[in-house]
Amino acid sequence: MKTLKQAGEASATGNTRNEGDERPIGVFDSGIGGLTVAAALRQLLPEERIYYIGDTARVPYGGKSAQTIERYGFEISQMLLKQGAKMIVVACNTASALAVPALQRVLEAPVIGVISPGAAAAVAATRNGRVGVIGTRATVGSKAYEQAIHALNPGIHVVAQACPLLVPLIEEGWLEDALTTQVIERYLAPILSQDIDTLVLGCTHYPLLHKALEQQVGPNVVLVDSARNCAAEVMEILRGHGLSAPDGTKGGLQVTLTDPSVGFLGVAEAALGLKVGEVEIRPVP
Ligand code: DGL
């Protein structure tokens with residue numbers, strides 16, 4: 001853990017200039033899901049450079065143990081810090097639920113996850129105080145959303161449902177497919193029967209299924225996700241720590257994968273209108 005602290009310390013001490021900090025924001029997910037957050041960051045903070053790692057060698061994270069997910073979180077954060085990341089955005093709910101508390105304790109660089117921004121979006125959206133959450137098995141099992149929502153409003157009733165088949169369907173690009181619709185229908189039935197008016201997309205992959213999910217929940221349930229709120233929190237952190245990019249900087253997105261993955265980026269590029277340039281392959285050391 002010491003090496004991680006040192007990496008963060010080294011980068012933090014580099015920030016003594018007033019003219020801004022050109023280093024990239026480090027963002028990671030197990031695969032393409034975190035690009036939904038990267039897209040929100042590009043939109044809100046066009047001057048920032050984003051260094052994104054999709055851990056395609058080990059996707060999906062959602063069925064793995066807490067210990068393994070925490071280890072993955074440290075390994076990928078270390079890769080990001082080695083690339084000079086000035087802060088870490090854990091654009092994965094699973095790693096946010098299970099690795100962010102330890103990353104925040106150990107790393108010197110600011111670390112933010114997507115659970116609290118998602119919880120805040122849900123609390124702001126609900127009118128009847130009944131919120132559904134869908135996510136991976138690990139995220140739902142962690143009860144991180146219940147805790148984050150109750151920290152903001154203990155009176156909100158939360159029902160959660162794990163949807164382990166959705167990430168593989170999304171990574172496969174089956175965003176509008178009869179089979180995906182059937183899977184969604186089966187997963188959502190138990191929570192839709194509980195009079196929820198808000199559904200949290202508690203996995204950064206799920207906004208790619210927005211259309212299919214919206215059709216399923218109907219007009220009386222609002223879909224919320226973390227991306228925009230997370231980007232807003234990143235902006236605050238950068239400003240608060242004097243880490244914002246210098247005015248007039250040309251931002252951009254660098255995508256790195258831990259394993260070459262066919263079709264992986266086309267799905268996100270098409271669905272998010274993101275321009276992903278040359279992709280770098282960098283195995284986890
Ligand atoms: N995008 C990740 C999340 O938000 C995905 C999960 C996975 O790899 O299972 O939880």
# chains A, B, ... in the order shown; residues from 1 in each chain; ligands from 1
call {"tool": "residues_near_ligand", "arguments": {"ligand": "ligand 1", "cutoff": "9 Å", "atoms": "only C-alpha atoms and all ligand atoms", "output": "VMD selection string"}}
result
chain A and resid 29 to 34 55 to 56 58 to 64 90 to 97 114 135 to 139 164 166 to 168 201 to 206
call {"tool": "residues_around", "arguments": {"residues": "A:Lys250", "least_positions_apart": "3", "cutoff": "8 Å", "atoms": "only C-alpha atoms", "output": "compact mmCIF listing (two decimals) with N, CA and C atoms, in the first residue's frame"}}
result
# COMPACT_ATOMS: atom_id res chain seq x y z
N PRO A 46 -14.85 20.00 -20.60
CA PRO A 46 -14.18 19.74 -21.88
C PRO A 46 -12.69 20.05 -21.88
N GLU A 47 -12.23 20.82 -20.91
CA GLU A 47 -10.79 21.16 -20.89
C GLU A 47 -9.95 20.09 -20.21
N GLU A 48 -10.61 19.14 -19.56
CA GLU A 48 -9.86 18.11 -18.83
C GLU A 48 -9.48 16.94 -19.73
N ARG A 49 -8.30 16.41 -19.49
CA ARG A 49 -7.88 15.17 -20.14
C ARG A 49 -8.36 14.01 -19.27
call {"tool": "select_by_dssp", "arguments": {"residues": "stretch 45-166 of chain A", "states": "helix (DSSP H, G or I)", "output": "ChimeraX atom specification"}}
result
/A:66-82,93-98,100-106,115-125,137-142,144-152,166
call {"tool": "residues_around", "arguments": {"residues": "stretch 186-198 of chain A", "least_positions_apart": "5", "cutoff": "10 Å", "atoms": "only C-alpha atoms", "output": "MDAnalysis selection string"}}
result
chainID A and resid 121:134 157:166 180:181 213 216:224
call {"tool": "write_last_selection", "arguments": {"atoms": "N, CA, C and O atoms", "output": "tab-separated table (two decimals), in the first residue's frame"}}
result
chain	number	residue	atom	x	y	z
A	121	ALA	N	-28.99	11.59	-6.64
A	121	ALA	CA	-29.93	11.75	-7.77
A	121	ALA	C	-31.26	11.10	-7.44
A	121	ALA	O	-32.33	11.64	-7.74
A	122	ALA	N	-31.21	9.93	-6.79
A	122	ALA	CA	-32.45	9.22	-6.45
A	122	ALA	C	-33.26	9.98	-5.41
A	122	ALA	O	-34.48	10.12	-5.52
A	123	VAL	N	-32.56	10.48	-4.39
A	123	VAL	CA	-33.25	11.21	-3.31
A	123	VAL	C	-33.90	12.48	-3.88
A	123	VAL	O	-35.02	12.84	-3.51
A	124	ALA	N	-33.22	13.10	-4.83
A	124	ALA	CA	-33.79	14.32	-5.44
A	124	ALA	C	-34.99	13.99	-6.33
A	124	ALA	O	-35.91	14.79	-6.46
A	125	ALA	N	-34.98	12.79	-6.91
A	125	ALA	CA	-36.02	12.47	-7.90
A	125	ALA	C	-37.30	11.92	-7.30
A	125	ALA	O	-38.39	12.16	-7.81
A	126	THR	N	-37.19	11.15	-6.20
A	126	THR	CA	-38.39	10.46	-5.72
A	126	THR	C	-39.42	11.42	-5.13
A	126	THR	O	-39.08	12.38	-4.43
A	127	ARG	N	-40.67	11.14	-5.42
A	127	ARG	CA	-41.78	11.93	-4.87
A	127	ARG	C	-42.53	11.12	-3.82
A	127	ARG	O	-43.07	11.67	-2.88
A	128	ASN	N	-42.57	9.79	-4.01
A	128	ASN	CA	-43.34	8.99	-3.04
A	128	ASN	C	-42.43	8.28	-2.03
A	128	ASN	O	-42.89	7.50	-1.20
A	129	GLY	N	-41.11	8.52	-2.12
A	129	GLY	CA	-40.20	7.93	-1.13
A	129	GLY	C	-39.98	6.44	-1.31
A	129	GLY	O	-39.59	5.76	-0.36
A	130	ARG	N	-40.23	5.93	-2.52
A	130	ARG	CA	-40.00	4.50	-2.77
A	130	ARG	C	-39.09	4.37	-3.99
A	130	ARG	O	-39.45	4.76	-5.10
A	131	VAL	N	-37.89	3.86	-3.73
A	131	VAL	CA	-36.84	3.85	-4.76
A	131	VAL	C	-36.38	2.43	-5.04
A	131	VAL	O	-36.14	1.65	-4.11
A	132	GLY	N	-36.28	2.10	-6.31
A	132	GLY	CA	-35.71	0.81	-6.70
A	132	GLY	C	-34.26	1.00	-7.12
A	132	GLY	O	-33.88	2.06	-7.61
A	133	VAL	N	-33.46	-0.03	-6.91
A	133	VAL	CA	-32.06	0.01	-7.33
A	133	VAL	C	-31.76	-1.28	-8.07
A	133	VAL	O	-32.08	-2.36	-7.59
A	134	ILE	N	-31.15	-1.16	-9.26
A	134	ILE	CA	-30.66	-2.37	-9.93
A	134	ILE	C	-29.15	-2.26	-10.07
A	134	ILE	O	-28.60	-1.17	-10.24
A	157	HIS	N	-37.88	4.25	1.31
A	157	HIS	CA	-37.93	2.80	1.23
A	157	HIS	C	-37.17	2.37	-0.03
A	157	HIS	O	-37.46	2.84	-1.12
A	158	VAL	N	-36.19	1.48	0.15
A	158	VAL	CA	-35.35	1.07	-0.98
A	158	VAL	C	-35.54	-0.42	-1.25
A	158	VAL	O	-35.45	-1.24	-0.34
A	159	VAL	N	-35.81	-0.75	-2.52
A	159	VAL	CA	-35.83	-2.17	-2.90
A	159	VAL	C	-34.78	-2.37	-3.98
A	159	VAL	O	-34.67	-1.59	-4.91
A	160	ALA	N	-33.99	-3.42	-3.82
A	160	ALA	CA	-32.88	-3.62	-4.76
A	160	ALA	C	-32.98	-4.97	-5.45
A	160	ALA	O	-33.48	-5.94	-4.88
A	161	GLN	N	-32.49	-5.00	-6.67
A	161	GLN	CA	-32.53	-6.23	-7.46
A	161	GLN	C	-31.21	-6.41	-8.22
A	161	GLN	O	-30.80	-5.51	-8.97
A	162	ALA	N	-30.56	-7.54	-8.01
A	162	ALA	CA	-29.35	-7.83	-8.79
A	162	ALA	C	-29.73	-8.30	-10.19
A	162	ALA	O	-30.69	-9.06	-10.36
A	163	CYS	N	-29.01	-7.82	-11.19
A	163	CYS	CA	-29.31	-8.16	-12.59
A	163	CYS	C	-28.05	-8.65	-13.30
A	163	CYS	O	-27.56	-8.01	-14.24
A	164	PRO	N	-27.50	-9.79	-12.87
A	164	PRO	CA	-26.19	-10.21	-13.37
A	164	PRO	C	-26.09	-10.45	-14.88
A	164	PRO	O	-25.00	-10.39	-15.43
A	165	LEU	N	-27.22	-10.70	-15.55
A	165	LEU	CA	-27.11	-10.98	-16.99
A	165	LEU	C	-26.99	-9.72	-17.84
A	165	LEU	O	-26.66	-9.79	-19.03
A	166	LEU	N	-27.27	-8.56	-17.25
A	166	LEU	CA	-27.31	-7.35	-18.09
A	166	LEU	C	-25.93	-6.91	-18.60
A	166	LEU	O	-25.81	-6.48	-19.75
A	180	THR	N	-32.87	-9.30	-24.58
A	180	THR	CA	-32.54	-8.33	-23.52
A	180	THR	C	-33.83	-7.81	-22.87
A	180	THR	O	-33.91	-7.69	-21.65
A	181	THR	N	-34.83	-7.53	-23.69
A	181	THR	CA	-36.12	-7.05	-23.16
A	181	THR	C	-36.72	-8.06	-22.20
A	181	THR	O	-37.21	-7.72	-21.13
A	213	LEU	N	-34.93	0.04	-20.85
A	213	LEU	CA	-35.39	0.10	-19.45
A	213	LEU	C	-36.59	1.05	-19.34
A	213	LEU	O	-37.57	0.76	-18.65
A	216	GLN	N	-39.73	-0.46	-20.37
A	216	GLN	CA	-40.21	-1.45	-19.41
A	216	GLN	C	-40.86	-0.81	-18.17
A	216	GLN	O	-41.86	-1.29	-17.69
A	217	VAL	N	-40.26	0.27	-17.66
A	217	VAL	CA	-40.79	0.83	-16.41
A	217	VAL	C	-42.00	1.73	-16.64
A	217	VAL	O	-42.79	1.95	-15.73
A	218	GLY	N	-42.16	2.24	-17.86
A	218	GLY	CA	-43.32	3.09	-18.15
A	218	GLY	C	-43.11	4.52	-17.68
A	218	GLY	O	-42.08	4.86	-17.10
A	219	PRO	N	-44.11	5.37	-17.93
A	219	PRO	CA	-43.94	6.81	-17.71
A	219	PRO	C	-43.95	7.25	-16.24
A	219	PRO	O	-43.57	8.38	-15.95
A	220	ASN	N	-44.38	6.37	-15.34
A	220	ASN	CA	-44.49	6.81	-13.94
A	220	ASN	C	-43.24	6.56	-13.09
A	220	ASN	O	-43.22	6.87	-11.91
A	221	VAL	N	-42.24	5.97	-13.70
A	221	VAL	CA	-41.00	5.70	-12.95
A	221	VAL	C	-39.86	6.47	-13.63
A	221	VAL	O	-39.64	6.34	-14.82
A	222	VAL	N	-39.15	7.25	-12.81
A	222	VAL	CA	-38.01	8.04	-13.34
A	222	VAL	C	-36.74	7.20	-13.24
A	222	VAL	O	-36.47	6.61	-12.20
A	223	LEU	N	-35.99	7.18	-14.32
A	223	LEU	CA	-34.70	6.48	-14.29
A	223	LEU	C	-33.61	7.48	-13.91
A	223	LEU	O	-33.54	8.55	-14.50
A	224	VAL	N	-32.79	7.13	-12.93
A	224	VAL	CA	-31.68	8.03	-12.59
A	224	VAL	C	-30.37	7.24	-12.61
A	224	VAL	O	-30.34	6.04	-12.36
call {"tool": "atom_distance", "arguments": {"atom1": "atom CA of A:Leu81", "atom2": "atom CA of A:Arg228"}}
result
23.8 Å
